[in-house]
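Peer 1: Dropping in start_24.cif, with mmCIF, C-alpha atoms.
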```cif
data_coords
loop_
_atom_site.label_atom_id
_atom_site.label_comp_id
_atom_site.auth_asym_id
_atom_site.auth_seq_id
_atom_site.Cartn_x
_atom_site.Cartn_y
_atom_site.Cartn_z
CA MET M 72 0.04 -7.65 -9.76
CA ILE M 73 2.86 -5.48 -8.39
CA PRO M 74 5.30 -5.96 -11.32
CA LEU M 75 2.53 -4.73 -13.62
CA TRP M 76 2.69 -1.36 -11.87
CA MET M 77 6.19 -0.84 -13.24
CA ALA M 78 7.29 -3.23 -15.98
CA PRO M 79 4.82 -2.17 -18.71
CA LEU M 80 5.63 1.53 -18.29
CA SER M 81 9.34 0.83 -18.19
CA LEU M 82 9.20 -1.19 -21.40
CA ALA M 83 6.84 1.23 -23.15
CA THR M 84 9.23 4.11 -22.47
CA GLY M 85 12.14 2.26 -24.09
CA ASN M 86 13.96 0.65 -21.18
CA THR M 87 15.09 -2.87 -20.52
CA TYR M 88 13.89 -4.22 -17.20
CA VAL M 89 15.25 -6.49 -14.47
CA LEU M 90 12.55 -8.00 -12.25
CA LYS M 91 13.66 -9.35 -8.86
CA PRO M 92 10.65 -10.97 -7.13
CA SER M 93 10.49 -11.83 -3.47
CA GLU M 94 12.28 -15.09 -2.83
CA LYS M 95 9.04 -16.24 -1.15
CA THR M 96 6.83 -15.61 -4.21
CA PRO M 97 8.82 -16.07 -7.44
CA SER M 98 6.27 -18.03 -9.46
CA ALA M 99 4.08 -15.18 -10.74
CA SER M 100 7.07 -13.22 -12.03
CA MET M 101 8.45 -16.28 -13.80
CA LEU M 102 5.08 -16.90 -15.44
CA LEU M 103 4.82 -13.25 -16.51
CA ALA M 104 8.24 -13.42 -18.16
CA SER M 105 7.33 -16.70 -19.83
CA TYR M 106 4.10 -15.28 -21.25
CA LEU M 107 5.87 -12.19 -22.62
CA ASN M 108 8.53 -14.41 -24.15
CA ASP M 109 5.83 -16.47 -25.87
CA LEU M 110 4.29 -13.24 -27.21
CA GLY M 111 7.57 -12.32 -28.89
CA LEU M 112 9.24 -9.89 -26.51
CA PRO M 113 12.90 -9.86 -27.60
CA PRO M 114 15.40 -11.65 -25.37
CA GLY M 115 17.02 -9.41 -22.78
CA VAL M 116 14.25 -6.82 -22.68
CA LEU M 117 12.56 -8.27 -19.59
CA ASN M 118 14.85 -10.23 -17.30
CA VAL M 119 14.06 -12.08 -14.06
CA VAL M 120 16.67 -12.71 -11.38
CA ASN M 121 15.98 -14.60 -8.18
CA GLY M 122 17.73 -14.36 -4.87
CA SER M 123 17.79 -12.56 -1.54
CA ARG M 124 19.75 -9.61 -0.10
CA ASP M 125 22.98 -10.30 -1.98
CA THR M 126 21.10 -10.19 -5.27
CA VAL M 127 19.37 -6.96 -4.27
CA ASP M 128 22.64 -5.31 -3.24
CA GLY M 129 24.17 -6.35 -6.55
CA LEU M 130 21.41 -4.56 -8.42
CA LEU M 131 21.63 -1.50 -6.18
CA THR M 132 25.31 -1.01 -6.96
CA HIS M 133 25.47 -2.18 -10.60
CA PRO M 134 26.53 0.66 -12.93
CA ASP M 135 24.06 -0.32 -15.66
CA ILE M 136 21.04 0.02 -13.37
CA LYS M 137 19.65 3.57 -13.61
CA ALA M 138 16.38 3.39 -11.65
CA ILE M 139 14.91 1.12 -8.98
CA SER M 140 11.28 0.46 -7.99
CA PHE M 141 10.41 -1.45 -4.83
CA VAL M 142 7.27 -2.49 -2.97
CA GLY M 143 7.59 -4.13 0.44
CA SER M 144 8.47 -3.61 4.08
CA ASN M 145 9.87 -0.45 5.63
CA SER M 146 13.15 -2.06 6.68
CA ALA M 147 13.89 -3.43 3.20
CA GLY M 148 12.59 -0.34 1.43
CA GLU M 149 14.65 2.08 3.50
CA HIS M 150 17.78 0.00 2.83
CA ILE M 151 17.05 -0.05 -0.91
CA HIS M 152 16.37 3.68 -1.02
CA ASP M 153 19.50 4.55 0.97
CA VAL M 154 21.92 2.28 -0.91
CA GLY M 155 20.41 2.95 -4.32
CA SER M 156 20.46 6.72 -3.81
CA LYS M 157 24.07 6.66 -2.59
CA ASN M 158 24.97 4.87 -5.82
CA GLY M 159 23.31 7.49 -7.98
CA LYS M 160 20.12 5.58 -8.79
CA ARG M 161 16.67 7.06 -9.07
CA VAL M 162 14.61 5.18 -6.44
CA GLN M 163 10.90 4.87 -5.70
CA ALA M 164 9.88 2.62 -2.81
CA ASN M 165 6.40 1.88 -1.50
CA LEU M 166 6.65 0.70 2.09
CA GLY M 167 4.35 -0.21 4.98
CA ALA M 168 0.84 0.96 5.75
CA LYS M 169 -1.82 1.15 8.42
CA ASN M 170 -4.92 2.08 6.46
CA HIS M 171 -7.77 3.65 8.47
CA ALA M 172 -11.47 3.74 7.63
CA THR M 173 -13.75 6.15 9.48
CA ILE M 174 -17.45 5.38 9.77
CA LEU M 175 -19.99 8.06 10.71
CA MET M 176 -22.45 5.75 12.44
CA ASP M 177 -25.28 8.28 12.30
CA ASP M 178 -25.45 8.50 8.51
CA ALA M 179 -23.40 5.72 6.86
CA ASP M 180 -25.29 3.03 4.94
CA ARG M 181 -24.93 0.35 7.60
CA ALA M 182 -25.35 -2.90 5.67
CA SER M 183 -23.22 -1.98 2.66
CA THR M 184 -20.56 -0.37 4.84
CA ILE M 185 -20.16 -3.48 6.98
CA LYS M 186 -19.80 -5.70 3.90
CA ALA M 187 -17.22 -3.31 2.45
CA ILE M 188 -15.23 -3.22 5.68
CA VAL M 189 -15.12 -7.01 5.99
CA GLY M 190 -14.02 -7.47 2.39
CA ALA M 191 -11.32 -4.82 2.60
CA ALA M 192 -9.93 -6.07 5.90
CA PHE M 193 -9.88 -9.80 5.31
CA GLY M 194 -9.60 -10.19 1.53
CA ALA M 195 -6.23 -11.59 0.41
CA ALA M 196 -5.84 -12.62 4.07
CA GLY M 197 -4.90 -9.00 4.79
CA GLN M 198 -1.65 -9.43 2.85
CA ARG M 199 -1.81 -6.33 0.65
CA CYS M 200 -0.48 -2.85 1.25
CA MET M 201 -3.93 -1.30 0.88
CA ALA M 202 -5.70 -3.75 3.17
CA LEU M 203 -7.93 -2.07 5.71
CA SER M 204 -6.44 -2.57 9.16
CA VAL M 205 -8.14 0.04 11.38
CA VAL M 206 -11.79 1.10 11.64
CA ILE M 207 -12.72 4.22 13.59
CA LEU M 208 -16.37 4.36 14.58
CA VAL M 209 -17.61 7.92 15.18
CA GLY M 210 -20.37 8.34 17.73
CA ASP M 211 -21.48 6.92 21.05
CA LEU M 212 -19.69 3.84 22.44
CA SER M 213 -23.00 2.14 23.26
CA VAL M 214 -24.01 2.41 19.60
CA SER M 215 -20.66 1.23 18.30
CA GLN M 216 -20.96 -2.14 20.00
CA GLY M 217 -23.87 -3.00 17.73
CA TRP M 218 -21.69 -2.19 14.71
CA VAL M 219 -18.88 -4.33 16.08
CA ASP M 220 -21.25 -7.25 16.59
CA GLU M 221 -22.45 -7.02 12.99
CA VAL M 222 -18.90 -6.86 11.63
CA VAL M 223 -18.12 -10.00 13.63
CA GLU M 224 -21.15 -11.83 12.24
CA GLU M 225 -20.29 -10.82 8.67
CA ALA M 226 -16.67 -11.90 9.11
CA LYS M 227 -17.77 -15.30 10.42
CA LYS M 228 -19.36 -15.99 7.03
CA LEU M 229 -15.96 -15.98 5.33
CA LYS M 230 -14.49 -19.36 4.48
CA VAL M 231 -10.84 -20.01 5.30
CA GLY M 232 -8.93 -22.47 3.15
CA ASN M 233 -6.82 -23.18 0.09
CA GLY M 234 -7.19 -20.15 -2.14
CA PHE M 235 -7.31 -22.30 -5.27
CA GLN M 236 -10.49 -24.00 -4.11
CA GLU M 237 -13.94 -22.74 -5.02
CA GLY M 238 -15.71 -20.69 -2.37
CA VAL M 239 -12.67 -19.87 -0.26
CA ASP M 240 -12.52 -16.24 0.91
CA VAL M 241 -9.40 -16.18 3.10
CA GLY M 242 -6.29 -18.10 2.11
CA PRO M 243 -3.15 -18.90 4.12
CA LEU M 244 -0.45 -16.53 5.28
CA ILE M 245 2.74 -16.64 3.28
CA SER M 246 4.97 -18.42 5.81
CA LYS M 247 5.29 -19.95 9.24
CA GLU M 248 7.13 -16.83 10.40
CA ALA M 249 4.24 -14.63 9.20
CA ILE M 250 1.57 -16.51 11.13
CA GLU M 251 3.69 -16.74 14.26
CA ARG M 252 4.25 -12.99 14.14
CA ALA M 253 0.57 -12.23 13.61
CA GLU M 254 -0.56 -14.52 16.39
CA GLY M 255 2.06 -13.01 18.68
CA ILE M 256 0.74 -9.49 18.03
CA ILE M 257 -2.82 -10.64 18.68
CA GLN M 258 -1.82 -12.12 22.04
CA SER M 259 0.23 -9.05 22.98
CA SER M 260 -2.70 -6.77 22.19
CA ILE M 261 -4.98 -8.85 24.43
CA ASP M 262 -2.38 -8.85 27.20
CA GLU M 263 -2.30 -5.05 26.99
CA GLY M 264 -6.04 -4.71 27.45
CA ALA M 265 -7.67 -5.09 24.03
CA ILE M 266 -10.79 -7.22 23.63
CA CYS M 267 -10.63 -9.95 21.01
CA ARG M 268 -14.15 -9.96 19.55
CA LEU M 269 -13.32 -12.60 16.96
CA ASP M 270 -10.30 -14.88 17.31
CA GLY M 271 -9.08 -16.54 14.11
CA ARG M 272 -6.19 -18.39 15.67
CA GLY M 273 -6.12 -22.18 15.59
CA VAL M 274 -7.94 -22.65 12.29
CA VAL M 275 -7.35 -26.10 10.80
CA VAL M 276 -8.27 -26.72 7.16
CA ASP M 277 -9.06 -30.29 6.12
CA GLY M 278 -6.40 -31.63 3.81
CA PHE M 279 -4.05 -28.78 4.66
CA GLU M 280 -3.47 -29.38 8.34
CA ASP M 281 0.05 -27.93 8.21
CA GLY M 282 -1.06 -24.77 6.41
CA HIS M 283 -0.46 -21.31 7.83
CA PHE M 284 -4.09 -20.37 8.27
CA LEU M 285 -5.39 -17.50 10.37
CA GLY M 286 -9.09 -16.75 10.32
CA PRO M 287 -10.58 -13.25 10.41
CA THR M 288 -9.69 -11.62 13.73
CA LEU M 289 -11.21 -8.50 15.25
CA ILE M 290 -9.49 -6.55 18.03
CA ASP M 291 -11.60 -3.95 19.86
CA LEU M 292 -9.82 -1.09 21.63
CA ASN M 293 -13.13 0.45 22.73
CA CYS M 294 -13.21 4.21 23.21
CA VAL M 295 -9.88 6.00 22.81
CA ASN M 296 -8.72 9.54 23.51
CA SER M 297 -7.43 11.29 20.39
CA ASN M 298 -5.17 13.46 22.56
CA GLU M 299 -3.21 10.46 23.78
CA PRO M 300 -1.00 8.11 21.73
CA ILE M 301 -2.43 4.66 21.00
CA THR M 302 0.22 2.18 22.06
CA ASN M 303 -1.54 -1.17 21.71
CA PRO M 304 0.43 -3.34 19.23
CA ALA M 305 -2.73 -4.23 17.30
CA TYR M 306 -2.78 -0.57 16.32
CA THR M 307 0.90 0.32 16.09
CA GLU M 308 2.12 -2.71 14.11
CA GLU M 309 1.54 -3.44 10.44
CA ILE M 310 0.34 -7.01 10.98
CA PHE M 311 -0.13 -8.00 7.31
CA ALA M 312 -2.72 -10.59 8.20
CA PRO M 313 -6.55 -10.83 8.45
CA VAL M 314 -6.63 -8.77 11.65
CA LEU M 315 -8.87 -5.70 12.00
CA THR M 316 -8.57 -3.23 14.86
CA ILE M 317 -11.67 -1.22 15.82
CA LEU M 318 -11.87 1.82 18.06
CA THR M 319 -14.54 4.41 18.86
CA VAL M 320 -14.28 8.20 19.11
CA PRO M 321 -16.93 10.89 19.70
CA THR M 322 -16.35 13.13 16.67
CA LEU M 323 -15.07 13.24 13.10
CA ASP M 324 -12.36 15.65 14.25
CA ASP M 325 -11.10 12.96 16.64
CA ALA M 326 -11.04 10.40 13.84
CA ILE M 327 -9.11 12.72 11.53
CA LYS M 328 -6.62 13.53 14.28
CA ILE M 329 -5.96 9.86 15.03
CA THR M 330 -5.55 9.00 11.36
CA ASN M 331 -3.17 11.90 10.78
CA ASN M 332 -1.12 11.04 13.87
CA ASN M 333 -0.35 7.61 12.44
CA PRO M 334 3.11 7.61 10.81
CA TYR M 335 1.87 5.88 7.66
CA GLY M 336 0.03 7.60 4.85
CA ASN M 337 -0.90 5.04 2.22
CA GLY M 338 -4.70 5.17 2.20
CA CYS M 339 -7.82 5.92 4.18
CA ALA M 340 -11.59 5.96 3.71
CA LEU M 341 -14.70 7.65 5.03
CA PHE M 342 -18.15 6.08 5.03
CA THR M 343 -20.92 8.67 5.13
CA SER M 344 -23.92 10.07 3.30
CA SER M 345 -22.92 13.64 4.21
CA GLY M 346 -21.29 15.67 1.49
CA ALA M 347 -20.11 18.22 4.04
CA ALA M 348 -18.39 15.53 6.13
CA ALA M 349 -16.78 14.06 3.01
CA ARG M 350 -15.50 17.49 1.96
CA LYS M 351 -14.04 18.14 5.41
CA TYR M 352 -12.42 14.70 5.56
CA GLN M 353 -10.78 14.72 2.16
CA PHE M 354 -9.44 18.24 2.75
CA GLU M 355 -8.03 17.70 6.25
CA ILE M 356 -6.77 14.12 6.01
CA GLU M 357 -3.06 13.59 5.32
CA ALA M 358 -3.04 10.12 3.74
CA GLY M 359 -2.24 10.19 0.05
CA GLN M 360 -5.15 8.07 -1.22
CA VAL M 361 -8.63 8.86 0.03
CA GLY M 362 -11.82 6.88 -0.53
CA ILE M 363 -15.29 8.26 0.07
CA ASN M 364 -17.47 5.17 0.53
CA VAL M 365 -14.63 3.28 -1.18
CA PRO M 366 -12.80 0.94 1.25
CA ILE M 367 -9.64 0.37 -0.82
CA PRO M 368 -8.98 3.59 -2.76
CA VAL M 369 -6.30 2.34 -5.15
CA PRO M 370 -6.21 4.81 -8.07
CA LEU M 371 -6.98 3.74 -11.61
CA PRO M 372 -3.85 3.25 -13.76
CA PHE M 373 -4.05 6.63 -15.49
CA PHE M 374 -3.64 8.30 -12.10
CA SER M 375 -0.72 7.51 -9.80
CA PHE M 376 -0.34 5.54 -6.58
CA THR M 377 0.08 8.43 -4.14
CA GLY M 378 0.87 7.03 -0.71
CA ASN M 379 2.93 9.37 1.47
CA LYS M 380 4.58 9.89 4.88
CA ALA M 381 6.27 6.69 6.14
CA SER M 382 4.60 4.67 3.37
CA ILE M 383 6.99 5.89 0.67
CA ARG M 384 10.62 6.73 0.04
CA GLY M 385 11.53 8.80 -2.99
CA ASP M 386 9.49 11.61 -4.48
CA VAL M 387 8.13 10.11 -7.71
CA ASN M 388 4.99 7.97 -7.42
CA PHE M 389 4.16 4.69 -9.11
CA TYR M 390 2.37 4.41 -12.47
CA GLY M 391 0.24 7.07 -14.15
CA LYS M 392 1.98 10.25 -15.29
CA SER M 393 4.43 10.03 -12.38
CA GLY M 394 5.40 6.53 -13.49
CA VAL M 395 6.15 7.76 -17.01
CA ASN M 396 8.31 10.53 -15.55
CA PHE M 397 10.16 8.02 -13.38
CA PHE M 398 11.16 5.82 -16.31
CA THR M 399 12.21 8.66 -18.59
CA GLN M 400 14.97 11.24 -18.39
CA LEU M 401 14.06 14.88 -18.92
CA LYS M 402 16.11 16.58 -21.62
CA THR M 403 16.06 20.22 -22.75
CA VAL M 404 17.41 21.27 -26.18
CA THR M 405 18.07 24.95 -26.90
CA SER M 406 18.42 25.86 -30.60
CA ASN M 407 19.38 29.05 -32.39
CA TRP M 408 18.66 28.88 -36.12
CA GLN M 409 19.84 31.89 -38.13
CA TYR M 410 18.41 33.07 -41.45
CA GLN M 411 21.77 34.36 -42.69
CA LYS M 412 25.46 33.78 -42.13
CA GLY M 413 27.38 36.05 -39.81
CA ALA M 414 24.62 36.37 -37.25
CA ASP M 415 25.47 36.80 -33.58
CA LEU M 416 25.59 33.38 -31.88
CA GLY M 417 26.75 34.84 -28.61
CA GLY M 418 30.03 35.83 -27.06
CA VAL M 419 30.98 36.43 -23.48
CA THR M 420 27.33 37.08 -22.71
CA MET M 421 24.39 34.69 -23.07
CA PRO M 422 22.59 34.80 -26.44
CA VAL M 423 19.37 36.79 -26.35
CA VAL M 424 16.29 35.70 -28.29
CA GLY M 425 15.39 38.28 -30.97
CA LYS M 426 18.71 40.11 -30.82
CA LYS M 427 19.71 41.61 -34.20
#
```
If you took the structure in this file and wrote it as structure tokens, what would it be?
Peer 2:
Amino acid sequence: MIPLWMAPLSLATGNTYVLKPSEKTPSASMLLASYLNDLGLPPGVLNVVNGSRDTVDGLLTHPDIKAISFVGSNSAGEHIHDVGSKNGKRVQANLGAKNHATILMDDADRASTIKAIVGAAFGAAGQRCMALSVVILVGDLSVSQGWVDEVVEEAKKLKVGNGFQEGVDVGPLISKEAIERAEGIIQSSIDEGAICRLDGRGVVVDGFEDGHFLGPTLIDLNCVNSNEPITNPAYTEEIFAPVLTILTVPTLDDAIKITNNNPYGNGCALFTSSGAAARKYQFEIEAGQVGINVPIPVPLPFFSFTGNKASIRGDVNFYGKSGVNFFTQLKTVTSNWQYQKGADLGGVTMPVVGKK
């Protein structure tokens, strides 16, 4: 999916394109290139190179590369932005995220909201930059526990397994390192006082006993104070796994403050039936992509992907009008056509339009 944010616009605006997929997931990019080749795309227009950091650094410093797009982790993205920029490249980099959803328990549609939350948090095994990773329940703590229980029950319905098999909802994590990191963060969060309402560790899938499977996991931080920093690792870390952190605050103002205090700014959502609350939220929130009763507010292609804060490096967004601007170079031509010879084309002073 990610290469399709950039490659079509790059090609449509007259560029050739070099696609460097993650060394952990090269297959989709190779298939995309193969399909375009079969459709008649001329050789050399779309190119795929595989490799790791050395390959990336080669692209960042190559004189023929004019612009660089990247989607991935903060550490890699910041390196790419710094090195690419120092070498005179135009760079756009989408980085990490910690996407928050706020639920007004008094007026949100309970059943549909819970289904939306579970799908957004655990779909794709949480391995997408717009995955929902934090839910803020607004209202009384005694009421919120009922919501948490229902989220747990809905999450238990999801089937963990091989994503190519029918009926599977949650596939494996990408690597052994990924699952070890996620399970380590879960344990650290528990050690620091969080309550694990649903523990997805230890899942074994028949026929895939060595797979890197982690079931839906729900970490409850209970009631938090918006005036104090939240330090639990389940909240501070981008886990990139099917792990959802839930906390409760008294007011919408508290929820907005917590969301805005988070360093990331990719996306957020509000679930409510109140137009006034929605208006307040979308005006005061800092995240770049806002959903009102939409759990994953990824813009349609004719808009642009507008994450901000620590979720982006560079100042030109992906796809939409911004994407077209990124892959084109602005040029201004000033002309002075005269109706007769001997006209004044300027001397030591700048030419003036309409001067006789």
Peer 1: Using the chain letters and numbers from this file, what does the PyMOL selection byres ((chain M and resi 131) around 10) select? Give the answer as a ChimeraX atom specification.
Peer 2: /M:125-130,132-139,150-160,162
Peer 1: Got a sec to check which residues sit within 9 Å of (-4.9, -3.9, 6.9), counting only C-alpha atoms, and write them as an MDAnalysis selection string?
Peer 2: chainID M and resid 168:171 191:193 197:205 309:316
Peer 1: Residues at most 12 Å from Met72 in chain M, counting only C-alpha atoms, excluding those fewer than 6 positions away in the same chain, as a PyMOL selection string?
Peer 2: chain M and resi 78-79+92+96+99-100+102-103+142+199
Peer 1: As an exercise, work out the distance from CA of Asp178 in chain M to CA of Arg350 in chain M in Å and give it to one decimal place.
Peer 2: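 Pair CA of Asp178 in chain M / CA of Arg350 in chain M returns 14.9 Å.
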Peer 1: Given the file shown, determine the residues that the PyMOL selection byres ((chain M and resi 383) around 12) selects; report them as a PyMOL selection string.
Peer 2: chain M and resi 140-149+151-152+162-168+200+334-338+358-359+376-382+384-389
Peer 1: On this structure, the PyMOL selection byres ((chain M and resi 289-297) around 6) would catch which residues? List them as a list in words, sorted by chain and number.
Peer 2: Ala265, Ile266, Cys267, Arg268, Leu269, Thr288, Asn298, Glu299, Val314, Leu315, Thr316, Ile317, Leu318, Thr319, Val320, Asp325 and Ile329 of chain M
Peer 1: Using all atoms listed in the file, find all polymer residues with an atom at most 12 Å away from the point (-7.3, -22.0, -2.2); report them as a compact mmCIF listing (two decimals) with C-alpha atoms, in the frame of the given file.
Peer 2:
```txt
# COMPACT_ATOMS: atom_id res chain seq x y z
CA ALA M 195 -6.23 -11.59 0.41
CA ALA M 196 -5.84 -12.62 4.07
CA LYS M 230 -14.49 -19.36 4.48
CA VAL M 231 -10.84 -20.01 5.30
CA GLY M 232 -8.93 -22.47 3.15
CA ASN M 233 -6.82 -23.18 0.09
CA GLY M 234 -7.19 -20.15 -2.14
CA PHE M 235 -7.31 -22.30 -5.27
CA GLN M 236 -10.49 -24.00 -4.11
CA GLU M 237 -13.94 -22.74 -5.02
CA GLY M 238 -15.71 -20.69 -2.37
CA VAL M 239 -12.67 -19.87 -0.26
CA ASP M 240 -12.52 -16.24 0.91
CA VAL M 241 -9.40 -16.18 3.10
CA GLY M 242 -6.29 -18.10 2.11
CA PRO M 243 -3.15 -18.90 4.12
CA LEU M 244 -0.45 -16.53 5.28
CA VAL M 276 -8.27 -26.72 7.16
CA ASP M 277 -9.06 -30.29 6.12
CA GLY M 278 -6.40 -31.63 3.81
CA PHE M 279 -4.05 -28.78 4.66
CA GLY M 282 -1.06 -24.77 6.41
CA PHE M 284 -4.09 -20.37 8.27
```
Peer 1: Excluding Gly394 in chain M and residues on its chain fewer than 6 positions from it, collect all residues at most 9 Å away from it, counting all atoms listed in the file, and give them as a ChimeraX atom specification.
Peer 2: /M:76-77,80-81,375,387-388
Peer 1: Can you measure CA of Thr184 in chain M to CA of Val361 in chain M for me? One decimal in Å is fine.
Peer 2: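 We find that CA of Thr184 in chain M and CA of Val361 in chain M lie 15.8 Å from each other.
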Peer 1: Closest to Phe373 in chain M among M:Pro113, M:Gly391, M:Gly255, M:Gly210, using all atoms listed in the file?
Peer 2: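 Among the listed residues, the smallest separation from Phe373 in chain M belongs to M:Gly391.
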Peer 1: So the first atom is CA of Ala179 in chain M and the second is CA of Glu225 in chain M; what is the distance between them in Å, to one decimal place?
Peer 2: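 Calculated distance between CA of Ala179 in chain M and CA of Glu225 in chain M is 16.9 Å.
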Peer 1: Can you pull out every residue within 10 Å of Arg272 in chain M, counting only C-alpha atoms, but drop anything in the same chain fewer than 3 positions away, and send it as a ChimeraX atom specification?
Peer 2: /M:250,253-254,257-258,269,275,284-288
Peer 1: Select, from M:Phe342, M:Phe354, M:Tyr88, M:Trp218, the residue with the minimum atom-to-atom distance to Val120 in chain M, counting all atoms listed in the file.
Peer 2: M:Tyr88
Peer 1: Select, from M:Leu82, M:Met101, M:Ile256, M:Ile188, the residue with the minimum atom-to-atom distance to Ala172 in chain M, counting all atoms listed in the file.
Peer 2: M:Ile188
Peer 1: Export range 336-393 of chain M, C-alpha atoms, as a compact mmCIF listing (two decimals), in the first residue's frame; it's the structure right above.
Peer 2:
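The result, stored in out26.txt:
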```
# COMPACT_ATOMS: atom_id res chain seq x y z
CA GLY M 336 0.58 14.00 15.80
CA ASN M 337 -0.45 11.49 13.16
CA GLY M 338 -4.15 10.96 13.88
CA CYS M 339 -6.87 11.01 16.49
CA ALA M 340 -10.61 10.43 16.76
CA LEU M 341 -13.61 11.46 18.81
CA PHE M 342 -16.70 9.31 19.31
CA THR M 343 -19.75 11.36 20.20
CA SER M 344 -23.25 12.34 19.13
CA SER M 345 -22.67 15.95 20.19
CA GLY M 346 -21.97 18.42 17.42
CA ALA M 347 -20.71 20.95 19.94
CA ALA M 348 -18.19 18.47 21.38
CA ALA M 349 -17.05 17.53 17.88
CA ARG M 350 -16.57 21.18 16.96
CA LYS M 351 -14.55 21.84 20.11
CA TYR M 352 -12.41 18.74 19.60
CA GLN M 353 -11.53 19.28 15.97
CA PHE M 354 -10.67 22.93 16.64
CA GLU M 355 -8.51 22.41 19.74
CA ILE M 356 -6.78 19.13 18.90
CA GLU M 357 -3.24 19.31 17.47
CA ALA M 358 -3.01 16.01 15.57
CA GLY M 359 -3.01 16.46 11.82
CA GLN M 360 -5.74 13.96 10.92
CA VAL M 361 -8.96 14.04 12.89
CA GLY M 362 -11.86 11.58 12.75
CA ILE M 363 -15.30 12.28 14.14
CA ASN M 364 -16.82 8.84 14.70
CA VAL M 365 -14.13 7.59 12.29
CA PRO M 366 -11.50 5.45 14.07
CA ILE M 367 -8.78 5.59 11.39
CA PRO M 368 -9.05 9.00 9.70
CA VAL M 369 -6.76 8.39 6.72
CA PRO M 370 -7.65 11.03 4.11
CA LEU M 371 -8.96 10.08 0.69
CA PRO M 372 -6.31 10.30 -2.06
CA PHE M 373 -7.39 13.69 -3.37
CA PHE M 374 -6.55 15.18 0.03
CA SER M 375 -3.13 14.77 1.64
CA PHE M 376 -1.79 12.68 4.52
CA THR M 377 -1.34 15.42 7.10
CA GLY M 378 0.34 13.96 10.17
CA ASN M 379 2.41 16.47 12.13
CA LYS M 380 4.62 17.04 15.20
CA ALA M 381 7.02 14.10 15.78
CA SER M 382 5.15 12.01 13.19
CA ILE M 383 6.71 13.81 10.23
CA ARG M 384 9.96 15.31 9.00
CA GLY M 385 9.89 17.71 6.07
CA ASP M 386 7.17 20.22 5.29
CA VAL M 387 5.43 18.72 2.25
CA ASN M 388 2.80 16.05 2.92
CA PHE M 389 2.16 12.79 1.10
CA TYR M 390 -0.21 12.44 -1.88
CA GLY M 391 -3.03 14.79 -2.83
CA LYS M 392 -2.09 18.30 -3.96
CA SER M 393 0.91 18.31 -1.61
```
